[in-house]
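*Asks:* Structure: data-v9.cif, mmCIF, N, CA and C atoms and all ligand atoms.
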```cif
data_structure
loop_
_atom_site.label_atom_id
_atom_site.label_comp_id
_atom_site.auth_asym_id
_atom_site.auth_seq_id
_atom_site.Cartn_x
_atom_site.Cartn_y
_atom_site.Cartn_z
N MET A 1 -8.66 1.45 -7.84
CA MET A 1 -7.98 1.25 -9.13
C MET A 1 -8.86 0.38 -10.02
N ASN A 2 -9.18 0.85 -11.21
CA ASN A 2 -10.01 0.02 -12.10
C ASN A 2 -9.14 -0.95 -12.91
N LYS A 3 -9.82 -1.80 -13.69
CA LYS A 3 -9.13 -2.85 -14.45
C LYS A 3 -8.07 -2.28 -15.40
N ASN A 4 -8.43 -1.15 -16.03
CA ASN A 4 -7.53 -0.50 -16.97
C ASN A 4 -6.24 -0.04 -16.30
N GLU A 5 -6.41 0.65 -15.17
CA GLU A 5 -5.26 1.15 -14.41
C GLU A 5 -4.41 -0.01 -13.93
N LEU A 6 -5.09 -1.08 -13.54
CA LEU A 6 -4.37 -2.25 -13.05
C LEU A 6 -3.52 -2.87 -14.16
N ASN A 7 -4.12 -2.99 -15.36
CA ASN A 7 -3.35 -3.55 -16.47
C ASN A 7 -2.16 -2.68 -16.82
N LYS A 8 -2.37 -1.36 -16.76
CA LYS A 8 -1.29 -0.42 -17.03
C LYS A 8 -0.16 -0.61 -16.02
N LEU A 9 -0.56 -0.73 -14.76
CA LEU A 9 0.40 -0.91 -13.68
C LEU A 9 1.21 -2.18 -13.88
N ILE A 10 0.51 -3.26 -14.23
CA ILE A 10 1.20 -4.54 -14.40
C ILE A 10 2.16 -4.48 -15.59
N SER A 11 1.76 -3.81 -16.67
CA SER A 11 2.70 -3.75 -17.80
C SER A 11 3.87 -2.82 -17.50
N LEU A 12 3.61 -1.79 -16.70
CA LEU A 12 4.70 -0.89 -16.29
C LEU A 12 5.75 -1.66 -15.47
N LEU A 13 5.28 -2.48 -14.54
CA LEU A 13 6.20 -3.26 -13.70
C LEU A 13 6.98 -4.25 -14.56
N ALA A 14 6.31 -4.84 -15.55
CA ALA A 14 6.98 -5.79 -16.43
C ALA A 14 8.06 -5.08 -17.25
N GLN A 15 7.74 -3.85 -17.69
CA GLN A 15 8.73 -3.06 -18.44
C GLN A 15 9.96 -2.77 -17.61
N GLN A 16 9.74 -2.62 -16.30
CA GLN A 16 10.86 -2.33 -15.40
C GLN A 16 11.68 -3.59 -15.10
N GLY A 17 11.31 -4.68 -15.74
CA GLY A 17 12.10 -5.89 -15.61
C GLY A 17 11.66 -6.80 -14.48
N LEU A 18 10.50 -6.50 -13.91
CA LEU A 18 10.01 -7.33 -12.81
C LEU A 18 9.33 -8.56 -13.40
N LEU A 19 9.80 -9.72 -13.01
CA LEU A 19 9.21 -10.96 -13.52
C LEU A 19 7.89 -11.20 -12.81
N LEU A 20 6.80 -11.11 -13.57
CA LEU A 20 5.48 -11.24 -12.94
C LEU A 20 4.86 -12.60 -13.24
N THR A 21 5.04 -13.51 -12.31
CA THR A 21 4.40 -14.82 -12.40
C THR A 21 2.91 -14.64 -12.11
N SER A 22 2.13 -15.68 -12.34
CA SER A 22 0.68 -15.52 -12.12
C SER A 22 0.40 -15.25 -10.64
N GLY A 23 1.18 -15.85 -9.75
CA GLY A 23 1.01 -15.60 -8.32
C GLY A 23 1.27 -14.15 -7.96
N ARG A 24 2.36 -13.61 -8.46
CA ARG A 24 2.71 -12.21 -8.16
C ARG A 24 1.66 -11.27 -8.73
N LYS A 25 1.22 -11.56 -9.96
CA LYS A 25 0.20 -10.73 -10.60
C LYS A 25 -1.09 -10.74 -9.78
N ALA A 26 -1.46 -11.92 -9.32
CA ALA A 26 -2.70 -12.03 -8.55
C ALA A 26 -2.61 -11.25 -7.25
N VAL A 27 -1.46 -11.33 -6.57
CA VAL A 27 -1.28 -10.60 -5.31
C VAL A 27 -1.38 -9.09 -5.56
N ILE A 28 -0.75 -8.62 -6.63
CA ILE A 28 -0.83 -7.19 -6.96
C ILE A 28 -2.29 -6.80 -7.24
N SER A 29 -2.99 -7.64 -8.01
CA SER A 29 -4.38 -7.32 -8.34
C SER A 29 -5.24 -7.21 -7.08
N VAL A 30 -5.07 -8.17 -6.18
CA VAL A 30 -5.87 -8.16 -4.95
C VAL A 30 -5.59 -6.89 -4.15
N LEU A 31 -4.32 -6.54 -4.01
CA LEU A 31 -3.98 -5.34 -3.21
C LEU A 31 -4.42 -4.06 -3.92
N ALA A 32 -4.39 -4.07 -5.25
CA ALA A 32 -4.79 -2.88 -5.99
C ALA A 32 -6.30 -2.64 -5.86
N GLN A 33 -7.08 -3.70 -5.73
CA GLN A 33 -8.54 -3.54 -5.62
C GLN A 33 -8.96 -3.27 -4.17
N ALA A 34 -8.10 -3.61 -3.23
CA ALA A 34 -8.48 -3.49 -1.81
C ALA A 34 -8.54 -2.02 -1.40
N LYS A 35 -9.47 -1.72 -0.50
CA LYS A 35 -9.61 -0.35 -0.02
C LYS A 35 -8.67 -0.06 1.15
N LYS A 36 -8.04 -1.11 1.69
CA LYS A 36 -7.18 -0.94 2.86
C LYS A 36 -6.04 -1.94 2.78
N PRO A 37 -4.98 -1.74 3.56
CA PRO A 37 -3.91 -2.75 3.61
C PRO A 37 -4.46 -4.09 4.08
N LEU A 38 -3.93 -5.17 3.54
CA LEU A 38 -4.44 -6.51 3.86
C LEU A 38 -3.36 -7.38 4.48
N SER A 39 -3.79 -8.32 5.31
CA SER A 39 -2.86 -9.32 5.84
C SER A 39 -2.73 -10.44 4.81
N ALA A 40 -1.70 -11.26 4.97
CA ALA A 40 -1.51 -12.40 4.07
C ALA A 40 -2.74 -13.31 4.12
N ALA A 41 -3.31 -13.47 5.32
CA ALA A 41 -4.49 -14.32 5.46
C ALA A 41 -5.67 -13.76 4.67
N GLU A 42 -5.84 -12.44 4.73
CA GLU A 42 -6.93 -11.82 3.97
C GLU A 42 -6.71 -11.97 2.47
N ILE A 43 -5.45 -11.87 2.04
CA ILE A 43 -5.14 -12.04 0.62
C ILE A 43 -5.50 -13.47 0.19
N MET A 44 -5.14 -14.44 1.06
CA MET A 44 -5.47 -15.85 0.79
C MET A 44 -6.97 -16.06 0.59
N GLU A 45 -7.77 -15.29 1.34
CA GLU A 45 -9.23 -15.45 1.31
C GLU A 45 -9.87 -14.81 0.10
N SER A 46 -9.13 -14.00 -0.64
CA SER A 46 -9.76 -13.22 -1.70
C SER A 46 -10.24 -14.12 -2.83
N ALA A 47 -11.27 -13.64 -3.50
CA ALA A 47 -11.90 -14.42 -4.57
C ALA A 47 -10.90 -14.78 -5.69
N LEU A 48 -10.06 -13.81 -6.04
CA LEU A 48 -9.13 -14.04 -7.16
C LEU A 48 -8.13 -15.15 -6.85
N ILE A 49 -7.57 -15.11 -5.65
CA ILE A 49 -6.58 -16.12 -5.27
C ILE A 49 -7.23 -17.50 -5.24
N LYS A 50 -8.46 -17.55 -4.76
CA LYS A 50 -9.18 -18.83 -4.72
C LYS A 50 -9.50 -19.31 -6.13
N LYS A 51 -9.96 -18.37 -6.97
CA LYS A 51 -10.35 -18.72 -8.33
C LYS A 51 -9.14 -19.25 -9.10
N GLU A 52 -8.00 -18.60 -8.93
CA GLU A 52 -6.81 -19.04 -9.67
C GLU A 52 -6.06 -20.16 -8.97
N LYS A 53 -6.61 -20.62 -7.84
CA LYS A 53 -6.05 -21.73 -7.06
C LYS A 53 -4.56 -21.53 -6.74
N ILE A 54 -4.25 -20.33 -6.26
CA ILE A 54 -2.87 -20.03 -5.89
C ILE A 54 -2.66 -20.46 -4.44
N ASN A 55 -1.64 -21.27 -4.20
CA ASN A 55 -1.51 -21.82 -2.86
C ASN A 55 -0.82 -20.86 -1.91
N ARG A 56 -0.90 -21.21 -0.65
CA ARG A 56 -0.43 -20.37 0.44
C ARG A 56 1.06 -20.03 0.30
N ALA A 57 1.86 -21.05 -0.03
CA ALA A 57 3.31 -20.82 -0.14
C ALA A 57 3.61 -19.81 -1.24
N THR A 58 2.87 -19.91 -2.35
CA THR A 58 3.08 -18.98 -3.46
C THR A 58 2.71 -17.56 -3.06
N VAL A 59 1.60 -17.42 -2.31
CA VAL A 59 1.19 -16.09 -1.86
C VAL A 59 2.28 -15.50 -0.96
N TYR A 60 2.76 -16.28 -0.01
CA TYR A 60 3.80 -15.77 0.90
C TYR A 60 5.09 -15.43 0.16
N ARG A 61 5.48 -16.31 -0.77
CA ARG A 61 6.70 -16.03 -1.54
C ARG A 61 6.53 -14.78 -2.40
N SER A 62 5.35 -14.63 -3.00
CA SER A 62 5.09 -13.45 -3.85
C SER A 62 5.14 -12.18 -3.00
N LEU A 63 4.56 -12.23 -1.80
CA LEU A 63 4.56 -11.06 -0.93
C LEU A 63 5.98 -10.65 -0.58
N SER A 64 6.83 -11.62 -0.23
CA SER A 64 8.16 -11.21 0.20
C SER A 64 9.01 -10.76 -1.00
N PHE A 65 8.78 -11.37 -2.16
CA PHE A 65 9.48 -10.90 -3.37
C PHE A 65 9.08 -9.46 -3.69
N LEU A 66 7.77 -9.20 -3.73
CA LEU A 66 7.29 -7.86 -4.12
C LEU A 66 7.69 -6.82 -3.08
N GLU A 67 7.75 -7.23 -1.83
CA GLU A 67 8.20 -6.28 -0.80
C GLU A 67 9.68 -5.97 -1.01
N SER A 68 10.48 -6.99 -1.33
CA SER A 68 11.92 -6.77 -1.52
C SER A 68 12.19 -5.86 -2.71
N LYS A 69 11.26 -5.83 -3.68
CA LYS A 69 11.42 -4.97 -4.85
C LYS A 69 10.83 -3.58 -4.64
N GLY A 70 10.24 -3.36 -3.47
CA GLY A 70 9.66 -2.05 -3.18
C GLY A 70 8.28 -1.83 -3.79
N VAL A 71 7.71 -2.89 -4.37
CA VAL A 71 6.36 -2.76 -4.96
C VAL A 71 5.32 -2.71 -3.84
N LEU A 72 5.59 -3.45 -2.78
CA LEU A 72 4.68 -3.48 -1.63
C LEU A 72 5.36 -2.89 -0.41
N GLU A 73 4.55 -2.33 0.46
CA GLU A 73 5.04 -1.88 1.75
C GLU A 73 4.43 -2.78 2.81
N LEU A 74 5.24 -3.19 3.75
CA LEU A 74 4.78 -4.03 4.85
C LEU A 74 4.64 -3.17 6.08
N LEU A 75 3.46 -3.21 6.67
CA LEU A 75 3.23 -2.47 7.92
C LEU A 75 3.23 -3.49 9.05
N ARG A 76 4.07 -3.24 10.04
CA ARG A 76 4.08 -4.14 11.20
C ARG A 76 3.29 -3.48 12.31
N LEU A 77 2.17 -4.08 12.65
CA LEU A 77 1.32 -3.50 13.68
C LEU A 77 1.67 -4.12 15.02
N SER A 78 1.06 -3.57 16.06
CA SER A 78 1.30 -4.12 17.39
C SER A 78 0.87 -5.58 17.38
N GLY A 79 1.48 -6.38 18.19
CA GLY A 79 1.23 -7.82 18.14
C GLY A 79 1.99 -8.36 16.95
N ASP A 80 1.46 -9.38 16.33
CA ASP A 80 2.18 -9.98 15.21
C ASP A 80 1.57 -9.62 13.87
N GLU A 81 0.62 -8.71 13.90
CA GLU A 81 -0.10 -8.42 12.67
C GLU A 81 0.78 -7.72 11.64
N ARG A 82 0.74 -8.23 10.41
CA ARG A 82 1.48 -7.63 9.31
C ARG A 82 0.54 -7.38 8.17
N LEU A 83 0.56 -6.16 7.67
CA LEU A 83 -0.35 -5.79 6.58
C LEU A 83 0.45 -5.30 5.39
N TYR A 84 -0.06 -5.61 4.20
CA TYR A 84 0.62 -5.21 2.97
C TYR A 84 -0.23 -4.23 2.17
N HIS A 85 0.41 -3.28 1.51
CA HIS A 85 -0.29 -2.47 0.52
C HIS A 85 0.69 -2.03 -0.55
N LEU A 86 0.13 -1.57 -1.68
CA LEU A 86 0.98 -1.15 -2.79
C LEU A 86 1.74 0.11 -2.42
N ASN A 87 2.99 0.15 -2.84
CA ASN A 87 3.86 1.27 -2.46
C ASN A 87 4.40 1.96 -3.71
N LEU A 88 3.55 2.09 -4.72
CA LEU A 88 4.05 2.60 -5.99
C LEU A 88 3.95 4.11 -6.08
N GLU A 89 3.08 4.67 -5.26
CA GLU A 89 2.91 6.12 -5.28
C GLU A 89 3.16 6.66 -3.89
N HIS A 90 3.63 7.88 -3.82
CA HIS A 90 3.80 8.55 -2.54
C HIS A 90 2.44 8.63 -1.84
N HIS A 91 2.40 8.31 -0.57
CA HIS A 91 1.12 8.30 0.14
C HIS A 91 1.35 8.49 1.64
N HIS A 92 0.28 8.65 2.35
CA HIS A 92 0.34 8.78 3.81
C HIS A 92 -0.61 7.78 4.44
N HIS A 93 -0.41 7.55 5.73
CA HIS A 93 -1.26 6.60 6.46
C HIS A 93 -2.16 7.31 7.45
N LEU A 94 -3.39 6.84 7.52
CA LEU A 94 -4.31 7.26 8.58
C LEU A 94 -4.42 6.07 9.52
N VAL A 95 -3.91 6.22 10.73
CA VAL A 95 -3.85 5.10 11.66
C VAL A 95 -4.90 5.29 12.75
N CYS A 96 -5.83 4.34 12.87
CA CYS A 96 -6.85 4.44 13.92
C CYS A 96 -6.26 3.88 15.21
N THR A 97 -6.26 4.69 16.25
CA THR A 97 -5.63 4.27 17.50
C THR A 97 -6.54 3.34 18.30
N LEU A 98 -7.81 3.24 17.87
CA LEU A 98 -8.73 2.38 18.62
C LEU A 98 -8.77 0.97 18.00
N CYS A 99 -9.08 0.86 16.70
CA CYS A 99 -9.20 -0.47 16.10
C CYS A 99 -7.93 -0.84 15.31
N HIS A 100 -6.96 0.09 15.22
CA HIS A 100 -5.67 -0.15 14.56
C HIS A 100 -5.77 -0.33 13.05
N LYS A 101 -6.92 0.06 12.49
CA LYS A 101 -7.05 0.02 11.04
C LYS A 101 -6.14 1.11 10.43
N ILE A 102 -5.57 0.81 9.27
CA ILE A 102 -4.73 1.80 8.58
C ILE A 102 -5.30 2.05 7.20
N GLU A 103 -5.55 3.31 6.89
CA GLU A 103 -6.00 3.67 5.55
C GLU A 103 -4.87 4.40 4.85
N VAL A 104 -4.89 4.35 3.53
CA VAL A 104 -3.85 5.00 2.72
C VAL A 104 -4.48 6.20 2.04
N ILE A 105 -3.85 7.36 2.11
CA ILE A 105 -4.38 8.53 1.40
C ILE A 105 -3.29 9.14 0.53
N HIS A 106 -3.73 9.76 -0.55
CA HIS A 106 -2.82 10.40 -1.49
C HIS A 106 -3.17 11.88 -1.57
N PHE A 107 -2.70 12.69 -0.71
CA PHE A 107 -2.83 14.12 -0.98
C PHE A 107 -1.71 14.90 -0.34
N CYS A 108 -1.10 15.73 -1.13
CA CYS A 108 0.07 16.45 -0.65
C CYS A 108 0.11 17.89 -1.12
N ASN A 109 -0.95 18.37 -1.76
CA ASN A 109 -0.89 19.71 -2.34
C ASN A 109 -0.48 20.76 -1.32
N GLN A 110 -1.14 20.70 -0.16
CA GLN A 110 -0.86 21.68 0.89
C GLN A 110 0.57 21.52 1.39
N LEU A 111 1.01 20.25 1.48
CA LEU A 111 2.37 20.01 1.97
C LEU A 111 3.39 20.55 0.98
N ASN A 112 3.09 20.42 -0.32
CA ASN A 112 4.01 20.95 -1.31
C ASN A 112 4.13 22.46 -1.17
N THR A 113 3.00 23.11 -0.87
CA THR A 113 3.03 24.56 -0.63
C THR A 113 3.90 24.87 0.60
N GLN A 114 3.72 24.06 1.63
CA GLN A 114 4.52 24.23 2.85
C GLN A 114 6.02 24.09 2.54
N GLU A 115 6.33 23.14 1.68
CA GLU A 115 7.74 22.92 1.35
C GLU A 115 8.33 24.12 0.63
N ASP A 116 7.51 24.75 -0.22
CA ASP A 116 7.96 25.98 -0.88
C ASP A 116 8.21 27.07 0.15
N GLU A 117 7.31 27.15 1.14
CA GLU A 117 7.45 28.13 2.21
C GLU A 117 8.74 27.89 3.01
N ILE A 118 9.02 26.63 3.28
CA ILE A 118 10.24 26.27 4.03
C ILE A 118 11.47 26.74 3.25
N LYS A 119 11.44 26.47 1.95
CA LYS A 119 12.56 26.88 1.09
C LYS A 119 12.75 28.40 1.15
N LYS A 120 11.63 29.13 1.04
CA LYS A 120 11.70 30.59 1.05
C LYS A 120 12.21 31.12 2.37
N SER A 121 11.68 30.56 3.48
CA SER A 121 12.01 31.17 4.76
C SER A 121 13.32 30.67 5.35
N THR A 122 13.74 29.44 5.02
CA THR A 122 14.96 28.92 5.64
C THR A 122 16.05 28.58 4.63
N GLY A 123 15.70 28.49 3.33
CA GLY A 123 16.69 28.10 2.34
C GLY A 123 16.88 26.59 2.27
N PHE A 124 16.13 25.88 3.08
CA PHE A 124 16.25 24.42 3.12
C PHE A 124 15.44 23.81 1.98
N THR A 125 16.07 22.91 1.21
CA THR A 125 15.35 22.24 0.12
C THR A 125 14.82 20.91 0.60
N VAL A 126 13.50 20.80 0.67
CA VAL A 126 12.89 19.54 1.11
C VAL A 126 12.88 18.57 -0.06
N LYS A 127 13.39 17.36 0.18
CA LYS A 127 13.39 16.33 -0.87
C LYS A 127 12.23 15.36 -0.70
N LYS A 128 11.85 15.12 0.52
CA LYS A 128 10.71 14.23 0.76
C LYS A 128 10.16 14.47 2.15
N HIS A 129 8.99 13.94 2.39
CA HIS A 129 8.44 14.01 3.75
C HIS A 129 7.78 12.69 4.08
N VAL A 130 7.71 12.40 5.36
CA VAL A 130 7.06 11.19 5.86
C VAL A 130 6.09 11.66 6.92
N LEU A 131 4.85 11.30 6.78
CA LEU A 131 3.85 11.84 7.71
C LEU A 131 2.78 10.79 7.95
N GLU A 132 2.45 10.57 9.21
CA GLU A 132 1.37 9.66 9.54
C GLU A 132 0.37 10.38 10.41
N PHE A 133 -0.89 10.09 10.18
CA PHE A 133 -1.96 10.73 10.96
C PHE A 133 -2.53 9.69 11.92
N TYR A 134 -2.63 10.04 13.20
CA TYR A 134 -3.20 9.13 14.20
C TYR A 134 -4.51 9.69 14.70
N GLY A 135 -5.50 8.84 14.84
CA GLY A 135 -6.80 9.32 15.32
C GLY A 135 -7.82 8.21 15.27
N LEU A 136 -9.08 8.60 15.02
CA LEU A 136 -10.16 7.62 15.01
C LEU A 136 -10.73 7.50 13.60
N CYS A 137 -10.88 6.27 13.13
CA CYS A 137 -11.45 6.04 11.81
C CYS A 137 -12.94 6.37 11.84
N ARG A 138 -13.56 6.36 10.67
CA ARG A 138 -14.98 6.72 10.56
C ARG A 138 -15.84 5.89 11.52
N GLU A 139 -15.65 4.56 11.49
CA GLU A 139 -16.47 3.69 12.33
C GLU A 139 -16.26 3.98 13.80
N CYS A 140 -14.98 4.10 14.22
CA CYS A 140 -14.70 4.30 15.64
C CYS A 140 -15.18 5.67 16.12
N SER A 141 -15.16 6.68 15.25
CA SER A 141 -15.57 7.99 15.73
C SER A 141 -17.09 8.10 15.78
N GLN A 142 -17.80 7.13 15.20
CA GLN A 142 -19.26 7.16 15.28
C GLN A 142 -19.77 6.43 16.50
N ASN A 143 -18.92 5.63 17.13
CA ASN A 143 -19.38 4.83 18.28
C ASN A 143 -19.13 5.54 19.61
ZN ZN A 201 2.25 2.96 3.11
ZN ZN A 202 -11.04 2.51 14.09
ZN ZN A 203 3.04 13.50 1.05
#
```
Rewrite the coordinates I just gave you, this time as structure tokens.
Ligand SMILES: [Zn+2]
Ligand SMILES: [Zn+2]
Ligand SMILES: [Zn+2]
*Replies:*
Amino acid sequence: MNKNELNKLISLLAQQGLLLTSGRKAVISVLAQAKKPLSAAEIMESALIKKEKINRATVYRSLSFLESKGVLELLRLSGDERLYHLNLEHHHHLVCTLCHKIEVIHFCNQLNTQEDEIKKSTGFTVKKHVLEFYGLCRECSQN
């Protein structure tokens, strides 16, 4: 997500009545720039949070607020690991079974075709789908 898209996203959330304090805005920015879901600790380490001197309690409070509003999705991994990512668009997860990394992907064209097929052949109207892919990430499949 580039700066422009990020600004658009933040003003869209504000229009929806979401009160965006500087802490909440910073957390959204960090997650929007990240290529993968992040833990609270990783968010704390990010350059933006450090630059804006946002403290740990604010980051944690912002995360739980944004999760409660559905802006963020919390992934609970095995052990105590918790990862956050933006949940504003329909997406799927690629879960690496070796290193437990989770990537987010946005593609559903084929699935939408499948849903049309389901409607035609069974009369069932699909309203949504939930799908996760399990396997090996790029790094793990090269080793
Ligand atoms: Zn997700
Ligand atoms: Zn992996
Ligand atoms: Zn989908």
*Asks:* Output as a tab-separated table one row per residue of chain A within 5 Å of ligand ZN 202 (chain A): the closest atom pair and its distance in Å to one decimal place, counting all atoms listed in the file, sorted by chain and residue number ascending.
*Replies:*
```
residue	atom	partner	partner_atom	distance
A:Cys96	CA	A:ZN202	ZN	4.6
A:Leu98	C	A:ZN202	ZN	4.8
A:Cys99	N	A:ZN202	ZN	3.7
A:His100	N	A:ZN202	ZN	4.9
A:Cys137	N	A:ZN202	ZN	3.9
A:Cys140	N	A:ZN202	ZN	4.3
```
*Asks:* Calculate how many Å separate atom N of Lys128 in chain A from CA of Ile105 in chain A, rounding to one decimal.
*Replies:*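 Here the two named atoms are 17.5 Å from each other.
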*Asks:* When you draw a straight line from atom N of Lys50 in chain A to CA of Arg82 in chain A, how long is it in Å?
*Replies:*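 Rounded to one decimal, the two atoms are 19.9 Å apart.
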*Asks:* Using only C-alpha atoms, which protein or nucleic acid residues come within 9 Å of His93 in chain A? Drop anything in the same chain fewer than 5 positions from it, and give the result as a list in words.
*Replies:* Ile102, Glu103, Val104, Ile105, His106, Leu131, Glu132, Phe133 and Tyr134 of chain A
*Asks:* Keeping only N, CA and C atoms, write those residues as an mmCIF file, keeping the file's coordinate frame.
*Replies:*
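Okay, selection.cif is ready:
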```
data_model
loop_
_atom_site.group_PDB
_atom_site.id
_atom_site.type_symbol
_atom_site.label_atom_id
_atom_site.label_comp_id
_atom_site.auth_asym_id
_atom_site.auth_seq_id
_atom_site.Cartn_x
_atom_site.Cartn_y
_atom_site.Cartn_z
ATOM 1 N N ILE A 102 -5.570 0.810 9.270
ATOM 2 C CA ILE A 102 -4.730 1.800 8.580
ATOM 3 C C ILE A 102 -5.300 2.050 7.200
ATOM 4 N N GLU A 103 -5.550 3.310 6.890
ATOM 5 C CA GLU A 103 -6.000 3.670 5.550
ATOM 6 C C GLU A 103 -4.870 4.400 4.850
ATOM 7 N N VAL A 104 -4.890 4.350 3.530
ATOM 8 C CA VAL A 104 -3.850 5.000 2.720
ATOM 9 C C VAL A 104 -4.480 6.200 2.040
ATOM 10 N N ILE A 105 -3.850 7.360 2.110
ATOM 11 C CA ILE A 105 -4.380 8.530 1.400
ATOM 12 C C ILE A 105 -3.290 9.140 0.530
ATOM 13 N N HIS A 106 -3.730 9.760 -0.550
ATOM 14 C CA HIS A 106 -2.820 10.400 -1.490
ATOM 15 C C HIS A 106 -3.170 11.880 -1.570
ATOM 16 N N LEU A 131 4.850 11.300 6.780
ATOM 17 C CA LEU A 131 3.850 11.840 7.710
ATOM 18 C C LEU A 131 2.780 10.790 7.950
ATOM 19 N N GLU A 132 2.450 10.570 9.210
ATOM 20 C CA GLU A 132 1.370 9.660 9.540
ATOM 21 C C GLU A 132 0.370 10.380 10.410
ATOM 22 N N PHE A 133 -0.890 10.090 10.180
ATOM 23 C CA PHE A 133 -1.960 10.730 10.960
ATOM 24 C C PHE A 133 -2.530 9.690 11.920
ATOM 25 N N TYR A 134 -2.630 10.040 13.200
ATOM 26 C CA TYR A 134 -3.200 9.130 14.200
ATOM 27 C C TYR A 134 -4.510 9.690 14.700
#
```
*Asks:* Looking at all atoms listed in the file, which of A:Lys101, A:Ala40, A:Lys119, A:Leu75 is the one that sits closest to ligand ZN 201 (chain A)?
*Replies:*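 Among A:Lys101, A:Ala40, A:Lys119, A:Leu75, it is A:Leu75 that comes nearest to ligand ZN 201 (chain A).
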*Asks:* Using only N, CA and C atoms for the distances, tell me which of A:Gly23, A:His92, A:Val126, A:Leu77 is nearest to Asn55 in chain A.
*Replies:*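 Of A:Gly23, A:His92, A:Val126, A:Leu77, the one nearest Asn55 in chain A is A:Gly23, counting only N, CA and C atoms.
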*Asks:* Could you report the residues within 7 Å of ligand ZN 203 (chain A), using only C-alpha atoms and all ligand atoms, as a list of chain:residue names?
*Replies:*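 Result of the 7 Å neighbour search around ligand ZN 203 (chain A): A:His90, A:His91, A:His92, A:Phe107, A:Cys108, A:Leu111, A:His129, A:Val130, A:Leu131.
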*Asks:* Would you compute the distance between atom N of Leu9 in chain A and atom N of Arg76 in chain A? Give it in Å to one decimal.
*Replies:*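 Separation between atom N of Leu9 in chain A and atom N of Arg76 in chain A: 25.4 Å.
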*Asks:* So which residues fall inside 7 Å of (-0.2, -1.0, -5.0) if we count only C-alpha atoms? Mind giving them as a VMD selection string?
*Replies:* chain A and resid 28 31 to 32 71 to 72 85 to 88
*Asks:* Taking into account all atoms listed in the file, which residue in the set A:Ser62, A:Asn112, A:Arg24, A:Tyr84 is nearest to ligand ZN 201 (chain A)?
*Replies:*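 Closest to ligand ZN 201 (chain A) of all the choices is A:Tyr84.
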*Asks:* Given the choices A:Ala57, A:Val95, A:Leu74, A:Leu48, which gets closest to ligand ZN 201 (chain A) if the distance is worked out from all atoms listed in the file?
*Replies:*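 Once distances to ligand ZN 201 (chain A) are computed over all atoms listed in the file, the minimum belongs to A:Leu74.
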